[in-house]
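Engineer: The structure file my_file29.pdb (PDB, C-alpha atoms, pLDDT in the B column) is provided below.
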ATOM      1  CA  MET A   1     128.835  74.745 120.236  1.00 71.00           C
ATOM      2  CA  SER A   2     129.683  78.355 119.647  1.00 78.00           C
ATOM      3  CA  TYR A   3     128.896  81.513 121.631  1.00 83.00           C
ATOM      4  CA  PHE A   4     127.755  84.680 119.869  1.00 82.00           C
ATOM      5  CA  LYS A   5     126.867  88.136 121.204  1.00 84.00           C
ATOM      6  CA  SER A   6     123.492  88.064 119.428  1.00 82.00           C
ATOM      7  CA  THR A   7     121.262  85.853 117.310  1.00 79.00           C
ATOM      8  CA  LYS A   8     121.972  88.146 114.354  1.00 78.00           C
ATOM      9  CA  GLU A   9     125.679  87.373 114.681  1.00 80.00           C
ATOM     10  CA  ALA A  10     124.886  83.642 115.035  1.00 79.00           C
ATOM     11  CA  ASP A  11     122.732  83.545 111.900  1.00 79.00           C
ATOM     12  CA  LEU A  12     125.368  81.973 109.648  1.00 73.00           C
ATOM     13  CA  LEU A  13     123.753  78.707 108.587  1.00 69.00           C
ATOM     14  CA  VAL A  14     120.944  78.180 106.125  1.00 65.00           C
ATOM     15  CA  ALA A  15     118.890  75.678 108.116  1.00 80.00           C
ATOM     16  CA  TYR A  16     117.765  75.588 111.739  1.00 84.00           C
ATOM     17  CA  PHE A  17     115.674  73.181 113.778  1.00 83.00           C
ATOM     18  CA  THR A  18     114.143  76.077 115.712  1.00 83.00           C
ATOM     19  CA  ASP A  19     113.505  79.790 115.305  1.00 86.00           C
ATOM     20  CA  ILE A  20     116.818  81.627 115.814  1.00 85.00           C
ATOM     21  CA  ASN A  21     115.273  83.833 118.502  1.00 92.00           C
ATOM     22  CA  LEU A  22     113.944  80.960 120.647  1.00 95.00           C
ATOM     23  CA  CYS A  23     115.875  78.805 123.103  1.00 96.00           C
ATOM     24  CA  PHE A  24     115.704  75.083 122.314  1.00 94.00           C
ATOM     25  CA  GLU A  25     115.849  74.235 126.045  1.00 95.00           C
ATOM     26  CA  CYS A  26     113.326  76.581 127.669  1.00 97.00           C
ATOM     27  CA  GLY A  27     111.453  77.963 124.651  1.00 96.00           C
ATOM     28  CA  GLY A  28     112.038  81.529 125.836  1.00 97.00           C
ATOM     29  CA  ARG A  29     113.036  84.425 123.619  1.00 97.00           C
ATOM     30  CA  ILE A  30     116.786  85.071 123.322  1.00 95.00           C
ATOM     31  CA  GLU A  31     117.522  88.770 123.700  1.00 93.00           C
ATOM     32  CA  LYS A  32     121.336  88.828 123.769  1.00 90.00           C
ATOM     33  CA  GLY A  33     124.072  86.207 124.294  1.00 93.00           C
ATOM     34  CA  VAL A  34     123.329  82.969 122.441  1.00 93.00           C
ATOM     35  CA  VAL A  35     124.915  79.541 122.083  1.00 93.00           C
ATOM     36  CA  ARG A  36     124.387  77.784 118.749  1.00 90.00           C
ATOM     37  CA  TYR A  37     124.848  74.023 118.449  1.00 90.00           C
ATOM     38  CA  ASP A  38     125.256  72.601 114.949  1.00 87.00           C
ATOM     39  CA  GLY A  39     124.367  69.017 114.124  1.00 85.00           C
ATOM     40  CA  HIS A  40     123.400  66.896 111.158  1.00 83.00           C
ATOM     41  CA  SER A  41     119.717  66.289 110.430  1.00 79.00           C
ATOM     42  CA  ASP A  42     120.865  63.798 107.786  1.00 81.00           C
ATOM     43  CA  SER A  43     124.215  62.854 106.268  1.00 81.00           C
ATOM     44  CA  HIS A  44     124.289  65.977 104.065  1.00 81.00           C
ATOM     45  CA  THR A  45     122.406  68.671 106.009  1.00 80.00           C
ATOM     46  CA  LEU A  46     123.815  70.684 108.898  1.00 83.00           C
ATOM     47  CA  LYS A  47     121.237  72.420 111.104  1.00 86.00           C
ATOM     48  CA  GLY A  48     121.541  74.512 114.237  1.00 88.00           C
ATOM     49  CA  ILE A  49     119.663  75.004 117.486  1.00 91.00           C
ATOM     50  CA  PHE A  50     119.963  77.968 119.837  1.00 93.00           C
ATOM     51  CA  PHE A  51     120.226  78.288 123.621  1.00 95.00           C
ATOM     52  CA  HIS A  52     120.498  80.950 126.275  1.00 96.00           C
ATOM     53  CA  PRO A  53     124.036  80.439 127.663  1.00 96.00           C
ATOM     54  CA  ALA A  54     122.651  79.173 131.000  1.00 96.00           C
ATOM     55  CA  CYS A  55     120.290  76.773 129.203  1.00 96.00           C
ATOM     56  CA  ALA A  56     123.216  75.407 127.147  1.00 95.00           C
ATOM     57  CA  VAL A  57     124.946  74.548 130.434  1.00 95.00           C
ATOM     58  CA  LEU A  58     121.862  72.662 131.633  1.00 95.00           C
ATOM     59  CA  MET A  59     121.478  70.772 128.351  1.00 93.00           C
ATOM     60  CA  GLY A  60     125.181  69.932 128.255  1.00 91.00           C
ATOM     61  CA  GLN A  61     125.143  68.636 131.828  1.00 94.00           C
ATOM     62  CA  ARG A  62     122.127  66.430 131.076  1.00 91.00           C
ATOM     63  CA  LEU A  63     123.855  64.989 128.002  1.00 89.00           C
ATOM     64  CA  ILE A  64     126.953  64.206 130.054  1.00 90.00           C
ATOM     65  CA  SER A  65     124.894  62.692 132.887  1.00 90.00           C
ATOM     66  CA  ASP A  66     122.958  60.472 130.481  1.00 87.00           C
ATOM     67  CA  GLY A  67     125.775  59.576 128.105  1.00 86.00           C
ATOM     68  CA  PHE A  68     128.904  59.221 130.227  1.00 86.00           C
ATOM     69  CA  PRO A  69     127.818  56.222 132.351  1.00 83.00           C
ATOM     70  CA  ASN A  70     126.663  54.428 129.192  1.00 81.00           C
ATOM     71  CA  ARG A  71     129.494  55.434 126.839  1.00 83.00           C
ATOM     72  CA  HIS A  72     130.692  51.834 126.352  1.00 85.00           C
ATOM     73  CA  SER A  73     127.275  50.234 125.821  1.00 80.00           C
ATOM     74  CA  ASN A  74     127.362  50.237 122.004  1.00 69.00           C
TER      75      ASN A  74
END
Would you kindly transcribe this structure into structure tokens?
Structural biologist:
Amino acid sequence: MSYFKSTKEADLLVAYFTDINLCFECGGRIEKGVVRYDGHSDSHTLKGIFFHPACAVLMGQRLISDGFPNRHSN
């Protein structure tokens, strides 16, 4: 994840899963600070999603809560 001052500054990739001005977590419009998370949609394509900084914290905490207790289950 990377923090940017604006969505314009964060617009560095070619492909996104969501509109660059909308938060992936809450769906609300992002007016200033933005967190972009980059992941692979397939083995060759990198895509990004965008969050309000506070929404990135919520999403991150949920991922930790769901993944950490089960990290050895594979």
Engineer: Expand the PyMOL selection byres ((chain A and resi 35) around 10) into the explicit residue set it covers here, and present it as a PDB file with C-alpha atoms, in the frame of the given file.
Structural biologist:
ATOM      1  CA  MET A   1     128.835  74.745 120.236  1.00 71.00           C
ATOM      2  CA  SER A   2     129.683  78.355 119.647  1.00 78.00           C
ATOM      3  CA  TYR A   3     128.896  81.513 121.631  1.00 83.00           C
ATOM      4  CA  PHE A   4     127.755  84.680 119.869  1.00 82.00           C
ATOM      5  CA  LYS A   5     126.867  88.136 121.204  1.00 84.00           C
ATOM      6  CA  SER A   6     123.492  88.064 119.428  1.00 82.00           C
ATOM      7  CA  THR A   7     121.262  85.853 117.310  1.00 79.00           C
ATOM      8  CA  ALA A  10     124.886  83.642 115.035  1.00 79.00           C
ATOM      9  CA  CYS A  23     115.875  78.805 123.103  1.00 96.00           C
ATOM     10  CA  ILE A  30     116.786  85.071 123.322  1.00 95.00           C
ATOM     11  CA  GLY A  33     124.072  86.207 124.294  1.00 93.00           C
ATOM     12  CA  VAL A  34     123.329  82.969 122.441  1.00 93.00           C
ATOM     13  CA  ARG A  36     124.387  77.784 118.749  1.00 90.00           C
ATOM     14  CA  TYR A  37     124.848  74.023 118.449  1.00 90.00           C
ATOM     15  CA  ASP A  38     125.256  72.601 114.949  1.00 87.00           C
ATOM     16  CA  GLY A  48     121.541  74.512 114.237  1.00 88.00           C
ATOM     17  CA  ILE A  49     119.663  75.004 117.486  1.00 91.00           C
ATOM     18  CA  PHE A  50     119.963  77.968 119.837  1.00 93.00           C
ATOM     19  CA  PHE A  51     120.226  78.288 123.621  1.00 95.00           C
ATOM     20  CA  HIS A  52     120.498  80.950 126.275  1.00 96.00           C
ATOM     21  CA  PRO A  53     124.036  80.439 127.663  1.00 96.00           C
ATOM     22  CA  ALA A  54     122.651  79.173 131.000  1.00 96.00           C
ATOM     23  CA  CYS A  55     120.290  76.773 129.203  1.00 96.00           C
ATOM     24  CA  ALA A  56     123.216  75.407 127.147  1.00 95.00           C
ATOM     25  CA  VAL A  57     124.946  74.548 130.434  1.00 95.00           C
TER      26      VAL A  57
END
Engineer: Residue by residue, what does the PyMOL selection byres ((chain A and resi 18) around 10) grab here? Present the result as JSON, numbers by chain.
Structural biologist: {"A": [15, 16, 17, 19, 20, 21, 22, 23, 24, 27, 47, 48, 49, 50]}
Engineer: If I wrap all listed atoms of stretch 50-58 of chain A in a box with edges along x, y and z and add 4 Å on each side, what are its centre and edge lengths in Å to one decimal, as AutoDock Vina command-line options?
Structural biologist:
--center_x 122.5 --center_y 76.8 --center_z 125.7 --size_x 13.0 --size_y 16.3 --size_z 19.8
Engineer: Please indicate the distance in Å from atom CA of A:Leu46 to atom CA of A:Leu12, rounded to one decimal place.
Structural biologist: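 Spanning atom CA of A:Leu46 to atom CA of A:Leu12 is a straight-line distance of 11.4 Å.
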